[in-house]
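Shown below: coords-v5.pdb, with PDB, C-alpha atoms.
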```pdb
MODEL        1
ATOM      1  CA  MET A 514      -6.498 -49.272  77.446
ATOM      2  CA  LYS A 515      -9.145 -50.437  74.984
ATOM      3  CA  THR A 516     -11.569 -47.625  74.144
ATOM      4  CA  CYS A 517     -15.048 -47.455  72.666
ATOM      5  CA  ILE A 518     -15.933 -44.119  71.062
ATOM      6  CA  VAL A 519     -19.708 -43.600  71.083
ATOM      7  CA  ILE A 520     -21.221 -41.280  68.480
ATOM      8  CA  ALA A 521     -24.776 -40.402  69.495
ATOM      9  CA  GLY A 522     -27.321 -37.904  68.263
ATOM     10  CA  PRO A 523     -30.699 -37.488  66.612
ATOM     11  CA  THR A 524     -31.640 -38.873  63.229
ATOM     12  CA  ALA A 525     -30.143 -37.005  60.242
ATOM     13  CA  SER A 526     -27.464 -35.364  62.381
ATOM     14  CA  GLY A 527     -24.595 -36.885  60.394
ATOM     15  CA  LYS A 528     -23.552 -39.735  62.695
ATOM     16  CA  THR A 529     -22.596 -42.085  59.854
ATOM     17  CA  ALA A 530     -20.099 -39.703  58.247
ATOM     18  CA  VAL A 531     -18.537 -38.782  61.601
ATOM     19  CA  ALA A 532     -18.285 -42.423  62.673
ATOM     20  CA  ILE A 533     -16.576 -43.353  59.408
ATOM     21  CA  ASP A 534     -14.056 -40.504  59.766
ATOM     22  CA  ILE A 535     -13.198 -41.585  63.306
ATOM     23  CA  ALA A 536     -13.060 -45.293  62.444
ATOM     24  CA  ARG A 537     -10.746 -44.621  59.509
ATOM     25  CA  HIS A 538      -8.496 -42.476  61.704
ATOM     26  CA  PHE A 539      -8.112 -45.318  64.198
ATOM     27  CA  ASN A 540      -8.171 -48.023  61.496
ATOM     28  CA  THR A 541     -11.020 -49.828  63.213
ATOM     29  CA  SER A 542     -14.634 -50.944  62.809
ATOM     30  CA  ILE A 543     -18.065 -49.518  63.575
ATOM     31  CA  ILE A 544     -20.867 -51.123  65.558
ATOM     32  CA  SER A 545     -24.214 -49.660  64.556
ATOM     33  CA  ALA A 546     -26.498 -48.775  67.475
ATOM     34  CA  ASP A 547     -29.581 -48.376  65.331
ATOM     35  CA  SER A 548     -32.550 -50.616  66.111
ATOM     36  CA  ARG A 549     -33.682 -50.777  62.462
ATOM     37  CA  GLN A 550     -30.567 -50.763  60.268
ATOM     38  CA  CYS A 551     -29.852 -54.321  61.371
ATOM     39  CA  PHE A 552     -32.788 -55.599  59.273
ATOM     40  CA  ARG A 553     -31.863 -56.824  55.801
ATOM     41  CA  GLU A 554     -35.315 -56.171  54.351
ATOM     42  CA  MET A 555     -35.376 -52.477  55.332
ATOM     43  CA  ASN A 556     -33.027 -50.164  53.454
ATOM     44  CA  ILE A 557     -34.138 -46.767  52.202
ATOM     45  CA  GLY A 558     -36.444 -45.923  55.094
ATOM     46  CA  VAL A 559     -33.837 -46.600  57.787
ATOM     47  CA  ALA A 560     -31.093 -44.518  56.134
ATOM     48  CA  LYS A 561     -28.495 -47.280  56.071
ATOM     49  CA  PRO A 562     -24.943 -46.324  55.167
ATOM     50  CA  SER A 563     -24.466 -46.497  51.409
ATOM     51  CA  PRO A 564     -22.646 -49.454  49.811
ATOM     52  CA  ALA A 565     -19.651 -47.144  49.298
ATOM     53  CA  GLU A 566     -19.657 -46.188  52.990
ATOM     54  CA  LEU A 567     -19.960 -49.818  54.047
ATOM     55  CA  GLN A 568     -16.919 -50.620  51.882
ATOM     56  CA  GLN A 569     -14.818 -47.950  53.598
ATOM     57  CA  VAL A 570     -15.239 -49.363  57.097
ATOM     58  CA  HIS A 571     -16.466 -52.710  58.386
ATOM     59  CA  HIS A 572     -19.837 -52.310  60.111
ATOM     60  CA  TYR A 573     -21.420 -54.645  62.643
ATOM     61  CA  PHE A 574     -25.201 -54.809  63.177
ATOM     62  CA  ILE A 575     -25.982 -53.690  59.620
ATOM     63  CA  ASN A 576     -27.991 -56.250  57.606
ATOM     64  CA  SER A 577     -27.287 -58.736  60.392
ATOM     65  CA  HIS A 578     -30.890 -59.793  61.090
ATOM     66  CA  SER A 579     -34.261 -60.374  59.458
ATOM     67  CA  ILE A 580     -37.479 -58.520  60.261
ATOM     68  CA  HIS A 581     -38.769 -61.941  61.364
ATOM     69  CA  ASP A 582     -36.133 -62.151  64.114
ATOM     70  CA  GLU A 583     -36.748 -60.884  67.627
ATOM     71  CA  VAL A 584     -34.295 -58.058  68.135
ATOM     72  CA  ASN A 585     -34.313 -55.942  71.287
ATOM     73  CA  ALA A 586     -31.898 -54.146  73.598
ATOM     74  CA  ALA A 587     -30.845 -57.375  75.300
ATOM     75  CA  VAL A 588     -30.078 -59.037  71.957
ATOM     76  CA  PHE A 589     -28.121 -55.961  70.916
ATOM     77  CA  GLU A 590     -26.150 -55.844  74.161
ATOM     78  CA  GLN A 591     -24.879 -59.390  73.700
ATOM     79  CA  TYR A 592     -24.215 -58.911  69.974
ATOM     80  CA  ALA A 593     -22.382 -55.600  70.423
ATOM     81  CA  LEU A 594     -20.228 -56.797  73.323
ATOM     82  CA  GLU A 595     -19.151 -59.807  71.281
ATOM     83  CA  ALA A 596     -18.411 -57.571  68.297
ATOM     84  CA  ALA A 597     -16.376 -55.181  70.453
ATOM     85  CA  ALA A 598     -14.372 -58.068  71.918
ATOM     86  CA  GLU A 599     -13.640 -59.272  68.401
ATOM     87  CA  VAL A 600     -12.451 -55.827  67.278
ATOM     88  CA  PHE A 601     -10.362 -55.342  70.420
ATOM     89  CA  GLN A 602      -8.364 -58.460  69.567
ATOM     90  CA  GLN A 603      -6.748 -56.483  66.734
ATOM     91  CA  HIS A 604      -7.368 -52.819  67.572
ATOM     92  CA  ASP A 605      -7.324 -50.474  70.564
ATOM     93  CA  HIS A 606     -10.478 -48.603  69.511
ATOM     94  CA  VAL A 607     -13.965 -49.410  68.301
ATOM     95  CA  VAL A 608     -16.696 -46.960  67.277
ATOM     96  CA  LEU A 609     -20.317 -47.364  68.370
ATOM     97  CA  ALA A 610     -22.643 -45.084  66.407
ATOM     98  CA  GLY A 611     -26.398 -44.686  66.354
ATOM     99  CA  GLY A 612     -29.495 -42.996  67.620
ATOM    100  CA  THR A 613     -31.183 -45.737  69.625
ATOM    101  CA  GLY A 614     -30.560 -44.506  73.149
ATOM    102  CA  LEU A 615     -31.619 -47.700  74.891
ATOM    103  CA  TYR A 616     -29.212 -49.769  72.776
ATOM    104  CA  ILE A 617     -26.333 -47.436  73.615
ATOM    105  CA  LYS A 618     -27.274 -47.588  77.293
ATOM    106  CA  ALA A 619     -27.434 -51.399  77.147
ATOM    107  CA  PHE A 620     -23.953 -51.580  75.655
ATOM    108  CA  CYS A 621     -22.398 -49.062  78.039
ATOM    109  CA  GLU A 622     -24.168 -49.919  81.287
ATOM    110  CA  GLY A 623     -26.081 -53.175  80.899
ATOM    111  CA  LEU A 624     -29.810 -53.675  81.337
ATOM    112  CA  ASP A 625     -32.166 -54.394  84.187
ATOM    113  CA  ASP A 626     -33.515 -57.949  84.367
ATOM    114  CA  MET A 627     -36.964 -57.850  82.777
ATOM    115  CA  PRO A 628     -39.632 -60.566  82.966
ATOM    116  CA  PRO A 629     -40.486 -62.683  79.919
ATOM    117  CA  VAL A 630     -43.596 -61.605  78.010
ATOM    118  CA  SER A 631     -45.653 -63.811  75.729
ATOM    119  CA  PRO A 632     -45.449 -62.736  72.072
ATOM    120  CA  ALA A 633     -49.241 -63.109  71.964
ATOM    121  CA  ILE A 634     -49.639 -60.351  74.571
ATOM    122  CA  ARG A 635     -47.403 -57.992  72.631
ATOM    123  CA  GLN A 636     -49.125 -58.757  69.337
ATOM    124  CA  GLN A 637     -52.562 -58.119  70.794
ATOM    125  CA  ILE A 638     -51.455 -54.727  72.118
ATOM    126  CA  ILE A 639     -49.860 -53.809  68.795
ATOM    127  CA  GLU A 640     -53.026 -54.724  66.903
ATOM    128  CA  GLN A 641     -55.122 -52.542  69.197
ATOM    129  CA  TYR A 642     -52.602 -49.719  68.904
ATOM    130  CA  LYS A 643     -52.810 -49.915  65.104
ATOM    131  CA  LYS A 644     -56.585 -49.747  65.325
ATOM    132  CA  TYR A 645     -57.052 -47.080  67.995
ATOM    133  CA  GLY A 646     -53.805 -45.082  67.904
ATOM    134  CA  LEU A 647     -51.486 -43.396  70.382
ATOM    135  CA  ALA A 648     -54.274 -41.840  72.453
ATOM    136  CA  TRP A 649     -55.618 -45.330  73.207
ATOM    137  CA  LEU A 650     -52.164 -46.532  74.271
ATOM    138  CA  GLN A 651     -51.720 -43.565  76.564
ATOM    139  CA  GLN A 652     -55.153 -44.128  78.103
ATOM    140  CA  GLN A 653     -54.435 -47.802  78.765
ATOM    141  CA  VAL A 654     -51.074 -47.092  80.388
ATOM    142  CA  ARG A 655     -52.550 -44.279  82.475
ATOM    143  CA  LEU A 656     -55.250 -46.688  83.652
ATOM    144  CA  HIS A 657     -53.145 -49.804  84.235
ATOM    145  CA  ASP A 658     -49.668 -48.444  85.022
ATOM    146  CA  PRO A 659     -50.061 -44.917  86.413
ATOM    147  CA  GLN A 660     -46.585 -45.145  87.923
ATOM    148  CA  TYR A 661     -44.990 -45.403  84.473
ATOM    149  CA  PHE A 662     -47.428 -42.919  82.953
ATOM    150  CA  ALA A 663     -46.392 -40.277  85.498
ATOM    151  CA  THR A 664     -42.684 -40.507  84.686
ATOM    152  CA  GLY A 665     -42.263 -42.347  81.360
ATOM    153  CA  GLU A 666     -42.046 -41.410  77.682
ATOM    154  CA  ILE A 667     -45.770 -41.158  76.983
ATOM    155  CA  GLN A 668     -45.255 -39.914  73.417
ATOM    156  CA  ASN A 669     -43.213 -43.003  72.520
ATOM    157  CA  PRO A 670     -45.491 -45.870  71.418
ATOM    158  CA  GLN A 671     -42.775 -48.514  71.803
ATOM    159  CA  ARG A 672     -42.197 -47.543  75.438
ATOM    160  CA  LEU A 673     -45.947 -47.502  76.117
ATOM    161  CA  ILE A 674     -46.419 -50.912  74.503
ATOM    162  CA  ARG A 675     -43.556 -52.276  76.609
ATOM    163  CA  ALA A 676     -45.044 -50.882  79.834
ATOM    164  CA  LEU A 677     -48.471 -52.275  79.006
ATOM    165  CA  GLU A 678     -47.238 -55.747  78.057
ATOM    166  CA  VAL A 679     -45.189 -56.071  81.262
ATOM    167  CA  MET A 680     -48.193 -55.050  83.335
ATOM    168  CA  GLN A 681     -50.436 -57.548  81.538
ATOM    169  CA  ALA A 682     -47.879 -60.343  81.863
ATOM    170  CA  THR A 683     -46.907 -59.797  85.503
ATOM    171  CA  GLY A 684     -49.444 -57.526  87.149
ATOM    172  CA  ARG A 685     -46.578 -55.237  88.180
ATOM    173  CA  SER A 686     -45.417 -51.864  86.899
ATOM    174  CA  ILE A 687     -42.414 -51.945  84.598
ATOM    175  CA  ARG A 688     -40.900 -49.433  87.015
ATOM    176  CA  SER A 689     -40.634 -52.170  89.660
ATOM    177  CA  TYR A 690     -38.167 -53.972  87.392
ATOM    178  CA  GLN A 691     -36.166 -50.890  86.431
ATOM    179  CA  GLN A 692     -33.590 -50.734  89.190
ATOM    180  CA  GLY A 693     -31.107 -48.579  87.306
ATOM    181  CA  LYS A 694     -28.180 -50.896  87.897
ATOM    182  CA  LYS A 695     -24.973 -50.159  86.024
ATOM    183  CA  THR A 696     -22.461 -52.718  84.839
ATOM    184  CA  THR A 697     -18.857 -51.581  84.591
ATOM    185  CA  ARG A 698     -17.270 -52.606  81.303
ATOM    186  CA  ASN A 699     -13.643 -53.663  81.021
ATOM    187  CA  PHE A 700     -12.921 -50.949  78.465
ATOM    188  CA  ARG A 701     -12.994 -47.162  78.465
ATOM    189  CA  ILE A 702     -16.032 -45.412  76.970
ATOM    190  CA  VAL A 703     -15.919 -41.943  75.428
ATOM    191  CA  LYS A 704     -19.275 -40.470  74.403
ATOM    192  CA  LEU A 705     -19.752 -37.736  71.816
ATOM    193  CA  GLY A 706     -23.100 -36.205  70.908
ATOM    194  CA  LEU A 707     -23.606 -34.368  67.613
ATOM    195  CA  ASP A 708     -25.049 -30.943  68.294
ATOM    196  CA  LEU A 709     -26.914 -29.171  65.477
ATOM    197  CA  PRO A 710     -28.956 -25.960  65.531
ATOM    198  CA  LYS A 711     -32.663 -26.793  65.359
ATOM    199  CA  PRO A 712     -33.227 -25.097  61.988
ATOM    200  CA  GLU A 713     -30.356 -27.054  60.434
ATOM    201  CA  LEU A 714     -31.591 -30.363  61.838
ATOM    202  CA  ARG A 715     -35.098 -29.641  60.557
ATOM    203  CA  GLU A 716     -33.734 -28.910  57.069
ATOM    204  CA  ARG A 717     -31.629 -32.067  57.101
ATOM    205  CA  ILE A 718     -34.627 -34.176  58.139
ATOM    206  CA  ASN A 719     -36.864 -32.717  55.439
ATOM    207  CA  ALA A 720     -34.176 -33.149  52.787
ATOM    208  CA  ARG A 721     -33.559 -36.746  53.868
ATOM    209  CA  VAL A 722     -37.251 -37.649  53.630
ATOM    210  CA  ASP A 723     -37.499 -36.089  50.163
ATOM    211  CA  ALA A 724     -34.408 -38.036  49.086
ATOM    212  CA  MET A 725     -35.875 -41.285  50.442
ATOM    213  CA  ILE A 726     -39.027 -40.786  48.385
ATOM    214  CA  THR A 727     -36.919 -40.147  45.271
ATOM    215  CA  GLN A 728     -34.868 -43.267  45.977
ATOM    216  CA  GLY A 729     -38.001 -45.442  46.051
ATOM    217  CA  LEU A 730     -39.259 -45.550  49.634
ATOM    218  CA  VAL A 731     -42.885 -45.912  48.485
ATOM    219  CA  GLN A 732     -42.001 -49.024  46.510
ATOM    220  CA  GLU A 733     -39.996 -50.402  49.432
ATOM    221  CA  ALA A 734     -42.966 -49.876  51.771
ATOM    222  CA  GLU A 735     -45.278 -51.540  49.259
ATOM    223  CA  ALA A 736     -43.047 -54.617  49.172
ATOM    224  CA  LEU A 737     -43.055 -54.754  52.983
ATOM    225  CA  LEU A 738     -46.815 -54.225  53.326
ATOM    226  CA  PRO A 739     -47.531 -57.935  54.004
ATOM    227  CA  TYR A 740     -45.237 -57.728  57.056
ATOM    228  CA  ARG A 741     -46.604 -54.492  58.520
ATOM    229  CA  HIS A 742     -47.704 -56.333  61.678
ATOM    230  CA  LEU A 743     -44.098 -57.140  62.637
ATOM    231  CA  ASN A 744     -42.458 -55.028  65.323
ATOM    232  CA  ALA A 745     -39.645 -54.014  62.970
ATOM    233  CA  LEU A 746     -42.147 -52.270  60.707
ATOM    234  CA  GLN A 747     -43.631 -50.140  63.494
ATOM    235  CA  THR A 748     -41.263 -47.480  62.243
ATOM    236  CA  VAL A 749     -41.542 -43.872  61.101
ATOM    237  CA  GLY A 750     -41.386 -43.718  57.324
ATOM    238  CA  TYR A 751     -43.140 -47.033  56.842
ATOM    239  CA  THR A 752     -46.275 -46.737  58.966
ATOM    240  CA  GLU A 753     -47.265 -43.488  57.235
ATOM    241  CA  LEU A 754     -46.813 -45.037  53.806
ATOM    242  CA  PHE A 755     -48.780 -48.118  54.826
ATOM    243  CA  ASP A 756     -51.658 -45.764  55.639
ATOM    244  CA  TYR A 757     -51.181 -44.080  52.247
ATOM    245  CA  LEU A 758     -51.317 -47.462  50.534
ATOM    246  CA  ASP A 759     -54.522 -48.151  52.474
ATOM    247  CA  GLY A 760     -55.974 -44.959  50.992
ATOM    248  CA  LYS A 761     -56.074 -43.198  54.351
ATOM    249  CA  TRP A 762     -54.396 -40.104  52.920
ATOM    250  CA  SER A 763     -52.642 -38.823  49.806
ATOM    251  CA  LEU A 764     -48.928 -39.280  49.121
ATOM    252  CA  PRO A 765     -48.096 -35.596  49.846
ATOM    253  CA  GLU A 766     -49.963 -35.909  53.154
ATOM    254  CA  ALA A 767     -48.062 -39.096  53.997
ATOM    255  CA  ILE A 768     -44.734 -37.419  53.190
ATOM    256  CA  ASP A 769     -45.606 -34.438  55.397
ATOM    257  CA  ARG A 770     -46.504 -36.820  58.215
ATOM    258  CA  ILE A 771     -43.176 -38.635  57.837
ATOM    259  CA  LYS A 772     -41.351 -35.321  58.192
ATOM    260  CA  ILE A 773     -43.390 -34.287  61.236
ATOM    261  CA  ASN A 774     -43.040 -37.674  62.933
ATOM    262  CA  THR A 775     -39.319 -37.806  62.172
ATOM    263  CA  ARG A 776     -38.819 -34.398  63.762
ATOM    264  CA  GLN A 777     -40.772 -35.566  66.820
ATOM    265  CA  TYR A 778     -38.637 -38.701  66.972
ATOM    266  CA  ALA A 779     -35.465 -36.594  66.784
ATOM    267  CA  LYS A 780     -36.774 -34.487  69.658
ATOM    268  CA  ARG A 781     -37.308 -37.627  71.771
ATOM    269  CA  GLN A 782     -33.805 -38.829  70.923
ATOM    270  CA  LEU A 783     -32.318 -35.532  72.050
ATOM    271  CA  THR A 784     -34.340 -35.597  75.263
ATOM    272  CA  TRP A 785     -32.906 -39.050  76.016
ATOM    273  CA  PHE A 786     -29.300 -38.147  75.209
ATOM    274  CA  ARG A 787     -29.403 -34.801  77.035
ATOM    275  CA  LYS A 788     -30.015 -36.719  80.258
ATOM    276  CA  ASP A 789     -26.635 -38.448  79.947
ATOM    277  CA  PRO A 790     -24.003 -36.294  81.701
ATOM    278  CA  ASP A 791     -21.175 -38.307  80.146
ATOM    279  CA  ILE A 792     -21.941 -37.137  76.604
ATOM    280  CA  LYS A 793     -19.715 -34.365  75.293
ATOM    281  CA  TRP A 794     -21.660 -32.328  72.752
ATOM    282  CA  VAL A 795     -19.701 -31.278  69.671
ATOM    283  CA  ALA A 796     -20.317 -29.945  66.171
ATOM    284  CA  ARG A 797     -19.928 -32.501  63.389
ATOM    285  CA  MET A 798     -16.760 -30.885  62.064
ATOM    286  CA  GLU A 799     -15.184 -30.925  65.535
ATOM    287  CA  ALA A 800     -15.947 -34.536  66.445
ATOM    288  CA  LEU A 801     -12.700 -36.149  65.305
ATOM    289  CA  HIS A 802     -10.550 -33.259  66.554
ATOM    290  CA  SER A 803     -12.158 -33.493  70.007
ATOM    291  CA  ILE A 804     -10.808 -36.984  70.660
ATOM    292  CA  ILE A 805      -7.350 -36.979  69.055
TER     293      ILE A 805
ENDMDL
END
```
Could you quickly redo this structure as structure tokens?
Amino acid sequence: MKTCIVIAGPTASGKTAVAIDIARHFNTSIISADSRQCFREMNIGVAKPSPAELQQVHHYFINSHSIHDEVNAAVFEQYALEAAAEVFQQHDHVVLAGGTGLYIKAFCEGLDDMPPVSPAIRQQIIEQYKKYGLAWLQQQVRLHDPQYFATGEIQNPQRLIRALEVMQATGRSIRSYQQGKKTTRNFRIVKLGLDLPKPELRERINARVDAMITQGLVQEAEALLPYRHLNALQTVGYTELFDYLDGKWSLPEAIDRIKINTRQYAKRQLTWFRKDPDIKWVARMEALHSII
């Protein structure tokens, strides 16, 4: 039976290396489940696999889109299913690796049918969020969609923006559209989660941010500054440097904020993945051994 091996985990946990080892073992390809590595214009700040790593194994959903494209979980679901079907024509296995929980869920289970939202509504909310911050977003969602606020990810600005835009577009809570339906795929799915001790993950995150700065992340952010309003650029590592370039704080302060916000993001990722009972948690060195 055709099998998809999912490698999930927080940022900086080593998913890329594990995915490459497993893909090489099965002589197959990797589908990235990262909501930012698909953008050609973003490189250092999204920790894309290196050119050498990309040469070892064929990757889908890396450098496949532009920051000007609309990319969301529904777009990913269709793209990834088509990529998997293509791989399955020649191979019995495909690897899906990444840290975007909603994208992995979309691929494995499908998505609820959501109403269309005008780009103008989303853009207006994003502009206000940029001006007034997370506390403003939380206040608006608490006021307009208390049902989501009571049970949703209120520390995640993207989720809050989504809840608010659906409410503004339809007058209904996003929860009324989230029915939790599950689509059964015609292939087997095996899910592995990379489990790291907190101190080790913290060290890996800090080291990665320092390496990104050395590699030229400030210059990359400067080049992308004219596009900061795009959804793709509402991303840890870029937003802090945009504020630095605006003179809001010093470069060391911006770097510290990137590290803090990345650790918070990793915590949210783990919270999401821990809710999935189908994920088998393994150490990086045990990942390949656990499935062969």
Test item: the PyMOL selection byres ((chain A and resi 522-539) around 7) resolved as a PyMOL selection string: chain A and resi 520-521+540-543+562+570+606+608+610-612+706-707+709+714+717-718+779+782-783+797+800-801
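Checking A:Arg553, A:Arg701, A:Lys788, A:Arg672 one by one against Cys517 (chain A), counting only C-alpha atoms, you find the shortest gap at A:Arg701.
The residue set within 12 Å of Lys695 (chain A), counting all atoms listed in the file and dropping same-chain residues fewer than 4 places from it, reads Lys618, Ala619, Phe620, Cys621, Glu622, Gly623, Leu624, Asp625, Asp626 and Gln691 of chain A.
Once Pro629 (chain A) and its same-chain neighbours fewer than 4 positions away are set aside, Glu678, Val679, Ala682 and Thr683 of chain A remain within 10 Å of it when counting all atoms listed in the file.
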Near-Val588 (chain A) list (12 Å; all atoms listed in the file; drop same-chain fewer than 5 positions) as a PyMOL selection string: chain A and resi 546+548+551+574+577-578+582-583+593-595+615-616+619-620+623-624
Distance criterion (only C-alpha atoms): nearest to Glu733 (chain A) out of A:Leu754, A:Val795, A:Ile771, A:Ala745: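 Of A:Leu754, A:Val795, A:Ile771, A:Ala745, the one nearest Glu733 (chain A) is A:Leu754, counting only C-alpha atoms.
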Output of the PyMOL selection byres ((chain A and resi 658-666) around 9), listed as a PyMOL selection string: chain A and resi 651+653-657+667-670+672-673+676-677+680+685-688+781
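Rounded to one decimal, CA of Thr727 (chain A) and CA of Ile557 (chain A) lie 10.0 Å from each other.
We find CA of Asn699 (chain A) and CA of Leu567 (chain A) to be spaced 28.0 Å apart.
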Residues within 9 Å of His742 (chain A), all atoms listed in the file, excluding chain neighbours under 6 positions, as a VMD selection string: chain A and resid 636 639 to 640 643
Radius query 12 Å about (-51.4, -42.6, 50.1), atoms used: all atoms listed in the file, as a PyMOL selection string: chain A and resi 731-732+734-735+751-771
Counting all atoms listed in the file, the residue of A:Lys772, A:Arg787, A:Lys515, A:Lys793 that sits nearest Phe601 (chain A):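 Under the stated criterion, the closest residue is A:Lys515.
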